[in-house]
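**Student:** Here's a structure for you.
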Amino acid sequence: MDILKKTKEILAEILDIDEEEIAPETYLIRDMNAESIDLLELAVALNSAFNIKINDDEIFLRNLRPYLTEAKEKQADEVAYLLENFPFLTKDRMTQILDDLQGGPVLKVKDLAGYVAWREETS
Amino acid sequence: MRDPLLIMRSSGRFKDARYLNRGAGFAAASAMGAVKESGLDKETLTQAGLFVGTGPNLNISGEFARIRDGKMYETGLAALWILKFLPNTAASAIARLAGIHGENATIGTACSASLQAVGEAFRKIKTGYLDLAFAGGGDSRLSHGGILAYKKARALFMGDGDPEKAYAPFDKQRQGFVPGEGGAFFLLESLEHAQSRKAKIYGEVCGFGNSIDGYNMTAPDPDGKWGEKAIRAALKEAGLLPDQIDAISAHGTGTPLNDAMEASLIDRIYGEHKPWVIAMKSWIGHIASACGAVELAICLTCLKNNYLPAIRNLKEPCHEKINFVQTTTDACPGTMMMENFGFGGQNSALVIKKWIK
Amino acid sequence: MQRRVVITSIGVVSPLGFTPEQIIDNLKKENVCFERSPVDHEVIGTF
């Protein structure tokens with residue numbers, strides 16, 4: 001199954017928007033105004049579509065900022081520290097995210113697809 | 001069958017539509033129709049009240065988890081599946097879509113619910129708690145569970161033959177009701193509020209009455225004693241005597257029990273005055289908790305157009321002293337009594353007047 | 001405080017139509033929609 005395509009289909013259905021408006025680089029919250037209940041529905045839908053366990057905190061990058069504070073307090077390498085908690089993201093993507101934090105919630109469509117692919121590989 | 005959510009989406013996207021059961025979809029679609037027609041600005045809408053009559057979601061085949069061998073299969077159900085069953089989901093959706101934030105109530109008094117919703121809105125405005133409010137309801141009982149419910153209760157028409165000839169309220173041969181679906185909402189305003197913004201006026205609400213039988217869980221009290229109390233209360237509030245009511249929109253479900261009770265009730269209250277009696281369910285089916293709202297929409301239209309539609313399929317009236325409208329007439333009623341009675345012995349009555357400038 | 005109350009908007013989704021104009025038109029033309037349901041073949045009112 002094409003993970004990205006299926007993820008876009010699910011997002012289009014849940015957020016009531018056209019699939020054509022969704023790209024890998026589209027932000028869930030900044031661009032598509034996803035709310036907490038939408039994320040709840042998204043987790044249920046991804047779980048059912050791909051038959052994988054979804055950890056809401058991981059996939060939606062919850063606690064990203066507290067982890068970052070922790071890393072700073074421990075004087076650890078920030079990217080490496082965060083990757084331990086979000087192992088489905090690449091180093092490049094994590095660097096990008098850290099540069100983007102000022103702009104608001106960083107979660108993008110491609111991160112969801114990345115999570116699904118990672119879950120499928122590791123299960 | 002039309003999809004109420006598609007009707008609603010035609011005026012814009014609404015992701016929370018996924019949480020509306022079919023009845024709530026009709027409520028939201030019709031409410032947004034009333035909001036759109038009102039042309040009210042954002043600030044005024046924040047002050048509006050919201051009164052919604054709702055019924056249960058009986059879609060047992062489409063929206064329930066399968067349970068087999070002690071296991072529950074929930075595939076396909078939404079994370080917030082509960083919202084399809086909460087009675088106030090329609091109100092929540094309408095408030096969000098329209099930006100309404102005033103006093104509100106969701107009313108679950110079975111088939112009298114949406115007429116009661118209009119009555120409650122009327123009272124809040126009359127007594128000054130609100131200047132304006134949206135009120136109405138939406139319902140559908142055409143799902144497997146809806147059909148099952150009324151079939152088991154022996155209230156449904158079960159006969160053969162032409163579907164268009166099935167529904168015969170107040171006929172001696174009546175055999176129960178035909179379920180329907182739909183929704184209607186109204187903007188009610190104080191007269192001053194309406195006039196100050198030069199709003200078009202469809203009609204005036206003059207009185208409301210409400211009571212509960214405390215007799216039987218489904219059947220009406222055969223004497224109609226408490227239904228009579230609701231009707232007399234509505235008359236009193238309207239400051240009208242029974243002989244000042246020109247027409248009655250009867251509940252007229254076509255069940256043996258309701259129509260016998262209602263016909264003798266009408267005879268007892270109005271006696272020789274004999275107002276016209278119409279039964280809109282013979283045209284649209286029984287829309288359960290939303291029947292009162294949809295019937296009110298039709299009756300306001302009839303008042304405006306000087307038109308009283310015949311009770312369909314009524315050949316042999318079950319009561320000889322009632323002036324049932326058997327042939328459509330271009331009569332000019334000025335006052336109308338709306339009646340709705342529901343399972344649980346719920347009674348609601350509303351007096352409306354034609355608006356003459 | 002006792003005030004008069006009027007109805008100034010109607011939103012309707014009904015078997016007889018979606019506007020007062022459609023409703024009166026369908027009443028006059030006797031356009032009703034009763035049919036046999038796919039569920040158990042009972043008579044239902046729809047549109």
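Residues in the structure tokens are numbered from 1 in each chain, the chains being A, B, ... in the order shown, and ligands are numbered from 1 in the order shown.
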Which residues come within 10 Å of A:Met1, counting only C-alpha atoms, excluding same-chain residues fewer than 5 positions away, as JSON, numbers by chain?

**Tutor:** {"A": [6, 49, 50]}

**Student:** Write out as a ChimeraX atom specification every residue belonging to chain A that has an atom at most 12 Å from any atom of chain B, counting only C-alpha atoms.

**Tutor:** /A:11-18,32-49,51

**Student:** Suppose you want the space between atom CA of B:Ala29 and atom CA of B:Ala297; what is it in Å?

**Tutor:**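 Atom-to-atom, atom CA of B:Ala29 to atom CA of B:Ala297, that is 14.5 Å.
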
**Student:** So which bits of chain C end up alpha helix (DSSP H) when you DSSP the backbone, as a list in words?

**Tutor:**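 Reading the DSSP output for chain C, alpha helix (DSSP H) covers Pro20, Glu21, Gln22, Ile23, Ile24, Asp25, Asn26, Leu27 and Lys28 of chain C.
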
**Student:** For chain C, report every residue with an atom at most 7 Å from chain B (counting only C-alpha atoms), formatted as a ChimeraX atom specification.

**Tutor:** /C:1-16,20,23-24,32,34-36,39,42-47

**Student:** Mind listing the strand (DSSP E) residues of chain C, per DSSP on the backbone, as a list in words?

**Tutor:**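 DSSP on the backbone gives strand (DSSP E) at Val5, Val6, Ile7, Thr8, Ser9, Ile10, Gly11, Val12, Val13, Phe34, Glu35, Arg36, Val43, Ile44 and Gly45 of chain C.
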
**Student:** Just all heavy atoms for this one: save the residues we selected as an mmCIF file, in the first residue's frame.

**Tutor:**
```
data_model
loop_
_atom_site.group_PDB
_atom_site.id
_atom_site.type_symbol
_atom_site.label_atom_id
_atom_site.label_comp_id
_atom_site.auth_asym_id
_atom_site.auth_seq_id
_atom_site.Cartn_x
_atom_site.Cartn_y
_atom_site.Cartn_z
ATOM 1 N N VAL C 5 -43.896 37.798 20.334
ATOM 2 C CA VAL C 5 -42.826 36.997 19.726
ATOM 3 C C VAL C 5 -43.227 36.594 18.304
ATOM 4 O O VAL C 5 -44.336 36.092 18.096
ATOM 5 C CB VAL C 5 -42.541 35.728 20.573
ATOM 6 C CG1 VAL C 5 -41.438 34.888 19.928
ATOM 7 C CG2 VAL C 5 -42.170 36.105 22.006
ATOM 8 N N VAL C 6 -42.332 36.815 17.367
ATOM 9 C CA VAL C 6 -42.640 36.476 15.972
ATOM 10 C C VAL C 6 -41.567 35.551 15.377
ATOM 11 O O VAL C 6 -40.456 35.473 15.885
ATOM 12 C CB VAL C 6 -42.747 37.762 15.101
ATOM 13 C CG1 VAL C 6 -43.983 38.557 15.486
ATOM 14 C CG2 VAL C 6 -41.492 38.623 15.225
ATOM 15 N N ILE C 7 -41.966 34.876 14.313
ATOM 16 C CA ILE C 7 -41.037 33.995 13.588
ATOM 17 C C ILE C 7 -40.576 34.724 12.330
ATOM 18 O O ILE C 7 -41.404 35.180 11.534
ATOM 19 C CB ILE C 7 -41.720 32.656 13.246
ATOM 20 C CG1 ILE C 7 -41.945 31.858 14.531
ATOM 21 C CG2 ILE C 7 -40.874 31.846 12.248
ATOM 22 C CD1 ILE C 7 -42.682 30.556 14.362
ATOM 23 N N THR C 8 -39.250 34.833 12.178
ATOM 24 C CA THR C 8 -38.734 35.648 11.067
ATOM 25 C C THR C 8 -37.861 34.865 10.083
ATOM 26 O O THR C 8 -37.458 35.422 9.064
ATOM 27 C CB THR C 8 -37.925 36.842 11.610
ATOM 28 O OG1 THR C 8 -36.950 36.342 12.513
ATOM 29 C CG2 THR C 8 -38.820 37.831 12.336
ATOM 30 N N SER C 9 -37.533 33.617 10.411
ATOM 31 C CA SER C 9 -36.805 32.793 9.430
ATOM 32 C C SER C 9 -37.282 31.363 9.548
ATOM 33 O O SER C 9 -37.591 30.903 10.657
ATOM 34 C CB SER C 9 -35.296 32.780 9.699
ATOM 35 O OG SER C 9 -34.729 34.001 9.423
ATOM 36 N N ILE C 10 -37.296 30.679 8.418
ATOM 37 C CA ILE C 10 -37.636 29.252 8.413
ATOM 38 C C ILE C 10 -36.551 28.513 7.638
ATOM 39 O O ILE C 10 -36.239 28.862 6.501
ATOM 40 C CB ILE C 10 -38.994 28.997 7.715
ATOM 41 C CG1 ILE C 10 -40.124 29.744 8.427
ATOM 42 C CG2 ILE C 10 -39.297 27.490 7.666
ATOM 43 C CD1 ILE C 10 -41.494 29.578 7.759
ATOM 44 N N GLY C 11 -35.973 27.501 8.290
ATOM 45 C CA GLY C 11 -35.066 26.590 7.582
ATOM 46 C C GLY C 11 -35.731 25.235 7.604
ATOM 47 O O GLY C 11 -36.105 24.756 8.669
ATOM 48 N N VAL C 12 -35.922 24.628 6.464
ATOM 49 C CA VAL C 12 -36.650 23.357 6.465
ATOM 50 C C VAL C 12 -36.054 22.381 5.458
ATOM 51 O O VAL C 12 -35.627 22.770 4.370
ATOM 52 C CB VAL C 12 -38.174 23.597 6.227
ATOM 53 C CG1 VAL C 12 -38.437 24.264 4.902
ATOM 54 C CG2 VAL C 12 -38.978 22.307 6.337
ATOM 55 N N VAL C 13 -35.945 21.127 5.887
ATOM 56 C CA VAL C 13 -35.496 20.049 5.007
ATOM 57 C C VAL C 13 -36.583 18.994 5.133
ATOM 58 O O VAL C 13 -36.610 18.233 6.096
ATOM 59 C CB VAL C 13 -34.137 19.486 5.485
ATOM 60 C CG1 VAL C 13 -33.684 18.358 4.586
ATOM 61 C CG2 VAL C 13 -33.075 20.576 5.513
ATOM 62 N N PHE C 34 -44.198 8.583 -0.556
ATOM 63 C CA PHE C 34 -44.257 7.391 0.289
ATOM 64 C C PHE C 34 -43.826 6.218 -0.568
ATOM 65 O O PHE C 34 -44.235 6.087 -1.721
ATOM 66 C CB PHE C 34 -45.673 7.174 0.822
ATOM 67 C CG PHE C 34 -46.077 8.208 1.847
ATOM 68 C CD1 PHE C 34 -47.018 9.181 1.542
ATOM 69 C CD2 PHE C 34 -45.505 8.210 3.105
ATOM 70 C CE1 PHE C 34 -47.379 10.136 2.477
ATOM 71 C CE2 PHE C 34 -45.858 9.172 4.053
ATOM 72 C CZ PHE C 34 -46.792 10.134 3.735
ATOM 73 N N GLU C 35 -42.964 5.377 -0.011
ATOM 74 C CA GLU C 35 -42.502 4.221 -0.781
ATOM 75 C C GLU C 35 -42.219 3.052 0.155
ATOM 76 O O GLU C 35 -42.282 3.198 1.370
ATOM 77 C CB GLU C 35 -41.248 4.589 -1.571
ATOM 78 C CG GLU C 35 -40.106 5.079 -0.694
ATOM 79 C CD GLU C 35 -38.898 5.546 -1.502
ATOM 80 O OE1 GLU C 35 -39.084 6.322 -2.469
ATOM 81 O OE2 GLU C 35 -37.790 5.119 -1.166
ATOM 82 N N ARG C 36 -41.917 1.904 -0.449
ATOM 83 C CA ARG C 36 -41.557 0.735 0.357
ATOM 84 C C ARG C 36 -40.072 0.826 0.698
ATOM 85 O O ARG C 36 -39.245 1.049 -0.191
ATOM 86 C CB ARG C 36 -41.828 -0.558 -0.426
ATOM 87 C CG ARG C 36 -43.313 -0.833 -0.649
ATOM 88 C CD ARG C 36 -43.934 -1.522 0.551
ATOM 89 N NE ARG C 36 -45.401 -1.461 0.463
ATOM 90 C CZ ARG C 36 -46.193 -1.854 1.445
ATOM 91 N NH1 ARG C 36 -45.696 -2.331 2.578
ATOM 92 N NH2 ARG C 36 -47.498 -1.765 1.315
ATOM 93 N N VAL C 43 -43.735 0.646 4.697
ATOM 94 C CA VAL C 43 -43.942 1.934 4.028
ATOM 95 C C VAL C 43 -43.236 3.023 4.829
ATOM 96 O O VAL C 43 -43.347 3.082 6.057
ATOM 97 C CB VAL C 43 -45.443 2.269 3.916
ATOM 98 C CG1 VAL C 43 -45.625 3.637 3.260
ATOM 99 C CG2 VAL C 43 -46.176 1.198 3.127
ATOM 100 N N ILE C 44 -42.498 3.884 4.122
ATOM 101 C CA ILE C 44 -41.831 5.008 4.778
ATOM 102 C C ILE C 44 -42.099 6.294 4.002
ATOM 103 O O ILE C 44 -42.414 6.252 2.817
ATOM 104 C CB ILE C 44 -40.293 4.795 4.875
ATOM 105 C CG1 ILE C 44 -39.700 4.544 3.480
ATOM 106 C CG2 ILE C 44 -39.968 3.656 5.812
ATOM 107 C CD1 ILE C 44 -38.187 4.570 3.436
ATOM 108 N N GLY C 45 -41.966 7.403 4.685
ATOM 109 C CA GLY C 45 -42.064 8.703 4.032
ATOM 110 C C GLY C 45 -40.660 9.219 3.801
ATOM 111 O O GLY C 45 -39.870 9.257 4.730
#
```
